[in-house]
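Enquirer: Okay, so here is entry-v2.csv, and as you'll see once you scroll down, it has CSV, C-alpha atoms.
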```csv
chain,number,residue,atom,x,y,z
A,21,MET,CA,-56.6,-41.1,-45.3
A,22,GLU,CA,-55.1,-37.9,-46.6
A,23,THR,CA,-57.4,-35.0,-47.3
A,24,SER,CA,-56.8,-31.3,-48.0
A,25,GLY,CA,-56.3,-29.4,-44.8
A,26,SER,CA,-55.7,-32.5,-42.7
A,27,ILE,CA,-53.8,-32.4,-39.4
A,28,ARG,CA,-50.4,-33.9,-40.0
A,29,LEU,CA,-49.7,-36.4,-37.2
A,30,LEU,CA,-46.5,-38.1,-36.1
A,31,ILE,CA,-46.8,-41.1,-33.8
A,32,VAL,CA,-43.9,-41.9,-31.4
A,33,ASP,CA,-43.8,-45.1,-29.4
A,34,ASP,CA,-41.1,-47.8,-28.8
A,35,GLN,CA,-43.6,-50.6,-29.2
A,36,GLU,CA,-44.2,-51.5,-32.8
A,37,LEU,CA,-47.6,-53.0,-32.1
A,38,MET,CA,-48.7,-49.8,-30.4
A,39,ARG,CA,-47.4,-47.6,-33.2
A,40,ASP,CA,-49.1,-49.7,-35.9
A,41,GLY,CA,-52.3,-49.8,-33.9
A,42,LEU,CA,-52.5,-46.1,-33.3
A,43,ALA,CA,-51.7,-45.4,-36.9
A,44,ALA,CA,-54.4,-47.8,-38.2
A,45,ILE,CA,-57.0,-46.2,-35.9
A,46,LEU,CA,-56.1,-42.6,-36.4
A,47,GLU,CA,-55.6,-42.6,-40.2
A,48,ARG,CA,-59.2,-43.6,-40.6
A,49,GLN,CA,-60.4,-40.6,-38.6
A,50,PRO,CA,-61.6,-37.6,-40.6
A,51,GLY,CA,-59.2,-34.7,-40.9
A,52,ILE,CA,-56.1,-36.6,-39.7
A,53,GLU,CA,-53.1,-37.7,-41.8
A,54,VAL,CA,-50.6,-40.0,-40.2
A,55,VAL,CA,-47.3,-38.8,-41.8
A,56,ALA,CA,-44.9,-41.2,-40.0
A,57,ALA,CA,-44.1,-43.2,-36.9
A,58,ALA,CA,-41.0,-43.2,-34.8
A,59,ALA,CA,-39.6,-45.7,-32.3
A,60,ASP,CA,-37.9,-43.3,-30.0
A,61,GLY,CA,-37.4,-39.6,-29.2
A,62,ALA,CA,-34.3,-39.2,-31.3
A,63,GLU,CA,-36.0,-40.6,-34.4
A,64,ALA,CA,-39.0,-38.3,-33.6
A,65,LEU,CA,-36.7,-35.2,-33.7
A,66,ARG,CA,-35.4,-36.2,-37.1
A,67,LEU,CA,-38.9,-36.8,-38.5
A,68,VAL,CA,-40.3,-33.5,-37.0
A,69,GLU,CA,-37.5,-31.6,-38.8
A,70,GLU,CA,-38.1,-33.5,-42.1
A,71,LEU,CA,-41.9,-33.7,-42.2
A,72,ALA,CA,-43.1,-30.7,-40.1
A,73,PRO,CA,-46.1,-32.4,-38.5
A,74,ASP,CA,-48.8,-30.4,-36.8
A,75,VAL,CA,-49.2,-32.7,-33.8
A,76,VAL,CA,-47.0,-35.4,-32.3
A,77,LEU,CA,-48.4,-38.2,-30.1
A,78,MET,CA,-45.5,-38.9,-27.8
A,79,ASP,CA,-44.9,-41.9,-25.6
A,80,VAL,CA,-43.2,-41.2,-22.3
A,81,ARG,CA,-40.8,-44.1,-21.6
A,82,MET,CA,-38.6,-44.9,-24.6
A,83,PRO,CA,-35.0,-45.9,-25.2
A,84,VAL,CA,-32.3,-43.5,-26.7
A,85,LEU,CA,-34.3,-40.4,-25.9
A,86,ASP,CA,-37.4,-40.4,-23.7
A,87,GLY,CA,-40.6,-38.6,-24.4
A,88,VAL,CA,-40.2,-35.7,-22.0
A,89,GLN,CA,-36.7,-34.9,-23.3
A,90,ALA,CA,-37.9,-35.2,-26.9
A,91,THR,CA,-40.9,-33.0,-26.2
A,92,ALA,CA,-38.7,-30.3,-24.6
A,93,GLU,CA,-36.5,-30.2,-27.7
A,94,ILE,CA,-39.5,-30.1,-30.1
A,95,VAL,CA,-41.2,-27.3,-28.2
A,96,ARG,CA,-37.9,-25.3,-28.1
A,97,THR,CA,-36.9,-25.8,-31.7
A,98,TRP,CA,-40.3,-26.1,-33.5
A,99,PRO,CA,-42.8,-24.1,-31.2
A,100,ALA,CA,-45.6,-24.5,-33.8
A,101,VAL,CA,-45.6,-28.3,-33.4
A,102,LYS,CA,-48.0,-29.4,-30.6
A,103,VAL,CA,-47.0,-32.5,-28.6
A,104,VAL,CA,-49.4,-34.6,-26.7
A,105,MET,CA,-48.0,-37.2,-24.3
A,106,LEU,CA,-49.8,-40.5,-24.6
A,107,SER,CA,-48.9,-43.0,-21.9
A,108,THR,CA,-50.0,-45.9,-19.8
A,109,PHE,CA,-48.6,-44.1,-16.7
A,110,ASP,CA,-50.2,-41.2,-14.8
A,111,ASP,CA,-47.6,-40.8,-12.0
A,112,ASP,CA,-46.9,-37.3,-10.7
A,113,ASP,CA,-43.4,-36.9,-12.0
A,114,HIS,CA,-44.3,-37.7,-15.7
A,115,VAL,CA,-47.3,-35.5,-15.7
A,116,THR,CA,-45.5,-32.6,-14.1
A,117,GLN,CA,-42.4,-32.9,-16.3
A,118,ALA,CA,-44.5,-33.2,-19.5
A,119,LEU,CA,-46.4,-29.9,-18.7
A,120,GLN,CA,-43.2,-28.1,-17.6
A,121,VAL,CA,-41.5,-28.7,-20.9
A,122,GLY,CA,-44.5,-27.5,-22.9
A,123,ALA,CA,-46.6,-30.5,-23.8
A,124,THR,CA,-50.1,-29.6,-25.0
A,125,GLY,CA,-51.6,-32.5,-23.1
A,126,TYR,CA,-51.1,-35.7,-21.2
A,127,LEU,CA,-53.5,-38.6,-22.1
A,128,LEU,CA,-53.7,-42.3,-21.3
A,129,LYS,CA,-53.5,-45.0,-24.0
A,130,ASN,CA,-56.9,-46.5,-23.0
A,131,LEU,CA,-58.7,-43.5,-24.6
A,132,PRO,CA,-61.4,-44.5,-27.1
A,133,ALA,CA,-60.5,-44.0,-30.8
A,134,GLN,CA,-62.9,-41.2,-31.4
A,135,ASP,CA,-61.8,-39.4,-28.2
A,136,LEU,CA,-58.2,-39.7,-29.2
A,137,ALA,CA,-58.9,-38.3,-32.7
A,138,GLU,CA,-60.7,-35.4,-31.1
A,139,ALA,CA,-57.7,-34.9,-28.8
A,140,VAL,CA,-55.5,-34.6,-31.8
A,141,ARG,CA,-57.8,-32.0,-33.4
A,142,LEU,CA,-57.9,-30.0,-30.2
A,143,ALA,CA,-54.2,-30.2,-29.7
A,144,SER,CA,-53.7,-28.8,-33.2
A,145,ARG,CA,-55.6,-25.7,-32.0
A,146,GLY,CA,-53.4,-25.4,-28.9
A,147,VAL,CA,-56.1,-26.7,-26.5
A,148,LEU,CA,-54.3,-28.3,-23.5
A,149,GLN,CA,-55.9,-31.6,-22.4
A,150,LEU,CA,-55.3,-33.8,-19.4
A,151,ALA,CA,-56.7,-37.3,-18.7
A,152,PRO,CA,-58.9,-37.0,-15.5
A,153,ALA,CA,-56.4,-39.0,-13.5
A,154,ALA,CA,-53.5,-36.8,-14.6
A,155,ALA,CA,-55.6,-33.6,-14.0
A,156,ALA,CA,-56.3,-34.8,-10.5
A,157,LYS,CA,-52.6,-35.0,-9.8
A,158,VAL,CA,-51.9,-31.5,-11.2
A,159,VAL,CA,-54.8,-30.1,-9.1
A,160,ALA,CA,-53.4,-31.8,-6.0
A,161,ALA,CA,-50.0,-30.2,-6.5
A,162,LEU,CA,-51.6,-26.8,-7.1
A,163,SER,CA,-53.8,-27.2,-4.0
A,164,SER,CA,-50.7,-28.0,-1.9
A,165,ALA,CA,-48.9,-25.0,-3.3
A,166,ALA,CA,-51.9,-22.7,-2.8
A,167,HIS,CA,-52.2,-23.7,0.9
A,168,LYS,CA,-48.6,-22.7,1.5
A,169,SER,CA,-49.3,-19.2,0.1
A,170,PRO,CA,-51.0,-16.3,1.9
A,171,PRO,CA,-54.8,-16.1,1.0
A,172,THR,CA,-55.8,-13.5,-1.5
A,173,ALA,CA,-59.2,-11.9,-2.2
A,174,PRO,CA,-61.2,-13.7,-4.9
A,175,PRO,CA,-61.0,-11.8,-8.2
A,176,ALA,CA,-64.0,-9.7,-9.2
A,177,GLU,CA,-64.6,-11.8,-12.3
A,178,LEU,CA,-66.0,-14.6,-10.2
A,179,ALA,CA,-68.9,-12.4,-9.2
A,180,ARG,CA,-70.2,-12.5,-12.8
A,181,LEU,CA,-70.5,-16.3,-12.8
A,182,THR,CA,-73.9,-17.9,-12.2
A,183,ASP,CA,-74.4,-20.4,-9.4
A,184,ARG,CA,-74.5,-23.2,-12.0
A,185,GLU,CA,-71.2,-21.9,-13.6
A,186,ARG,CA,-69.6,-21.9,-10.1
A,187,GLU,CA,-70.7,-25.5,-9.6
A,188,VAL,CA,-69.2,-26.5,-13.0
A,189,LEU,CA,-66.0,-24.5,-12.2
A,190,GLN,CA,-65.5,-26.4,-8.9
A,191,LEU,CA,-65.9,-29.8,-10.7
A,192,VAL,CA,-63.5,-28.9,-13.5
A,193,ALA,CA,-61.0,-27.9,-10.8
A,194,VAL,CA,-60.9,-31.4,-9.3
A,195,GLY,CA,-60.4,-33.0,-12.7
A,196,ALA,CA,-63.9,-34.1,-13.5
A,197,SER,CA,-64.7,-34.9,-17.2
A,198,ASN,CA,-67.6,-33.4,-19.0
A,199,ARG,CA,-69.5,-36.7,-18.7
A,200,GLU,CA,-68.9,-36.8,-14.9
A,201,ILE,CA,-70.0,-33.2,-14.5
A,202,ALA,CA,-73.1,-33.9,-16.5
A,203,ARG,CA,-73.9,-36.9,-14.4
A,204,ASP,CA,-73.3,-35.1,-11.1
A,205,LEU,CA,-75.3,-32.0,-12.0
A,206,VAL,CA,-78.0,-33.9,-14.0
A,207,ILE,CA,-77.5,-31.9,-17.1
A,208,SER,CA,-76.4,-32.8,-20.7
A,209,GLU,CA,-72.8,-32.9,-21.8
A,210,GLY,CA,-73.7,-30.2,-24.3
A,211,THR,CA,-74.8,-27.9,-21.5
A,212,VAL,CA,-71.6,-28.6,-19.6
A,213,LYS,CA,-69.6,-27.6,-22.7
A,214,SER,CA,-71.6,-24.4,-23.0
A,215,HIS,CA,-71.0,-23.6,-19.3
A,216,ILE,CA,-67.3,-24.2,-19.6
A,217,SER,CA,-67.1,-22.0,-22.7
A,218,SER,CA,-68.9,-19.2,-20.9
A,219,ILE,CA,-66.6,-19.5,-17.8
A,220,LEU,CA,-63.5,-19.5,-20.0
A,221,GLY,CA,-64.7,-16.3,-21.7
A,222,GLN,CA,-65.6,-14.5,-18.6
A,223,LEU,CA,-62.4,-15.4,-16.8
A,224,ASN,CA,-60.3,-14.8,-19.9
A,225,LEU,CA,-58.8,-18.3,-19.7
A,226,ARG,CA,-57.8,-20.7,-22.5
A,227,ASP,CA,-58.7,-24.2,-21.3
A,228,ARG,CA,-59.8,-26.3,-18.4
A,229,THR,CA,-56.3,-26.8,-17.0
A,230,GLN,CA,-56.0,-23.0,-16.6
A,231,LEU,CA,-59.4,-23.1,-14.9
A,232,ALA,CA,-58.0,-25.6,-12.3
A,233,VAL,CA,-55.0,-23.3,-11.8
A,234,PHE,CA,-57.3,-20.3,-11.4
A,235,VAL,CA,-59.4,-22.0,-8.7
A,236,HIS,CA,-56.4,-23.2,-6.7
A,237,GLN,CA,-54.6,-19.9,-6.9
A,238,ASN,CA,-57.7,-17.7,-6.1
A,239,LEU,CA,-59.8,-20.0,-4.0
A,240,PRO,CA,-57.4,-22.1,-2.0
A,241,GLY,CA,-59.8,-22.6,0.9
A,242,ARG,CA,-62.9,-23.4,-1.1
```
Translate this structure into structure tokens?

Expert:
Amino acid sequence: METSGSIRLLIVDDQELMRDGLAAILERQPGIEVVAAAADGAEALRLVEELAPDVVLMDVRMPVLDGVQATAEIVRTWPAVKVVMLSTFDDDDHVTQALQVGATGYLLKNLPAQDLAEAVRLASRGVLQLAPAAAAKVVAALSSAAHKSPPTAPPAELARLTDREREVLQLVAVGASNREIARDLVISEGTVKSHISSILGQLNLRDRTQLAVFVHQNLPGR
């Protein structure tokens, strides 16, 4: 359903059933307008140029031009367009490649409809998002790199965090979702969100992926 100020969304997937299903789900979500769907990366590039969407939901494995290659071209040519990879795969290479070329997130296709719609909204604001399984792989790679580097003193900003904020920070760094953090710390998801917002502000970071990078760069032996 189109409304004034809606997020203009392009869906890219080589499976017609998946394209149609995603479009049917997302066009019913408030604030989202599905402007078109593409069957491969090459068609996606043509539609991005023609329709100027705000967000692209991009499949990874496709014929003609795959999702990573298409994402790289979109980010390079139309930097205002945000691309979220949406895949059934969470293997290390796909996740790493997607982030390296500038994707604004890597999510799995089993995401509930409301969560997927919220992911589109967050992506339109430039908030990087990772599925927990994908986040864990990024964190593992960061941890391996951090252990190969000489240790550094923790930054002074960490001293400003409360004990609870430090607990939340550690759980975010290992890829835990807000729901998992709330369960582990026996607090509400709203409280988790408040803690994360506070931590981001105090450490001058943009999103939870940057938090994971921060922890593994500054606290490699935690």

Enquirer: Just how far from CA of Asp34 (chain A) is CA of Ser197 (chain A), in Å to one decimal?

Expert: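 These two atoms are separated by 29.3 Å.
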
Enquirer: For Leu220 (chain A), please output as number ranges by chain all residues within 12 Å (counting all atoms listed in the file; exclusion window: fewer than 3 positions along the same chain).

Expert: A: 177-178, 181, 185-186, 188-189, 192, 213-217, 223-232, 234

Enquirer: Report, in Å to a single decimal, how far apart CA of Ala59 (chain A) and CA of Leu85 (chain A) are.

Expert: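 For CA of Leu85 (chain A) relative to CA of Ala59 (chain A), the distance reads 9.9 Å.
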
Enquirer: So what do you get for CA of Met78 (chain A) versus CA of Ala123 (chain A), distance-wise?

Expert: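 Those two atoms sit 9.4 Å apart.
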
Enquirer: Here is a test: counting only C-alpha atoms, which residue of A:Ala90, A:Val140, A:Val104, A:Ala64 is nearest to Gln49 (chain A)?

Expert: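 Of A:Ala90, A:Val140, A:Val104, A:Ala64, the one nearest Gln49 (chain A) is A:Val140, counting only C-alpha atoms.
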
Enquirer: Which polymer residues have any atom within 9 Å of an atom of Ala118 (chain A), counting all atoms listed in the file, with same-chain residues fewer than 5 positions away left out, as a count of residues only?

Expert: 13

Enquirer: Can you tell me which residues surround Val75 (chain A) at a distance of at most 8 Å, considering only C-alpha atoms, apart from same-chain residues fewer than 2 positions away, and format the answer as a list of chain:residue names?

Expert: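 Everything that qualifies: A:Ile27, A:Arg28, A:Leu29, A:Leu30, A:Pro73, A:Leu77, A:Val101, A:Lys102, A:Val103, A:Val104, A:Val140, A:Ala143, A:Ser144.
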
Enquirer: Glu53 (chain A): which residues within 12 Å, counting only C-alpha atoms, same-chain residues fewer than 5 positions away excluded, as a PyMOL selection string?

Expert: chain A and resi 21-31+42-48+71+73-76+137+140-141

Enquirer: Pick out the residues sitting within 7 Å of Ser107 (chain A), and hand them over as a PyMOL selection string; count all atoms listed in the file, and ignore anything fewer than 6 positions along from it in its own chain.

Expert: chain A and resi 79-80+127-129

Enquirer: Could you check which of A:Val55, A:Pro83, A:Pro99, A:Gln35 is closest to Glu70 (chain A), using only C-alpha atoms?

Expert: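 Smallest separation from Glu70 (chain A) among the options: A:Val55.
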
Enquirer: Of the candidates A:Gly122, A:Leu191, A:Arg203, A:Gly221, which shows the shortest atom-to-atom distance to Gly146 (chain A), using all atoms listed in the file?

Expert: A:Gly122

Enquirer: Identify which of the residues A:Glu209, A:Glu138, A:Asp204, A:Asp86 lies closest to His114 (chain A), counting all atoms listed in the file when measuring atom-to-atom distances.

Expert: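 Of A:Glu209, A:Glu138, A:Asp204, A:Asp86, the one nearest His114 (chain A), counting all atoms listed in the file, is A:Asp86.
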
Enquirer: Counting all atoms listed in the file, figure out which residue out of A:Val235, A:Leu142, A:Val147, A:Val206 gets nearest to Gln190 (chain A).

Expert: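 Ranking A:Val235, A:Leu142, A:Val147, A:Val206 by distance to Gln190 (chain A), first place goes to A:Val235.
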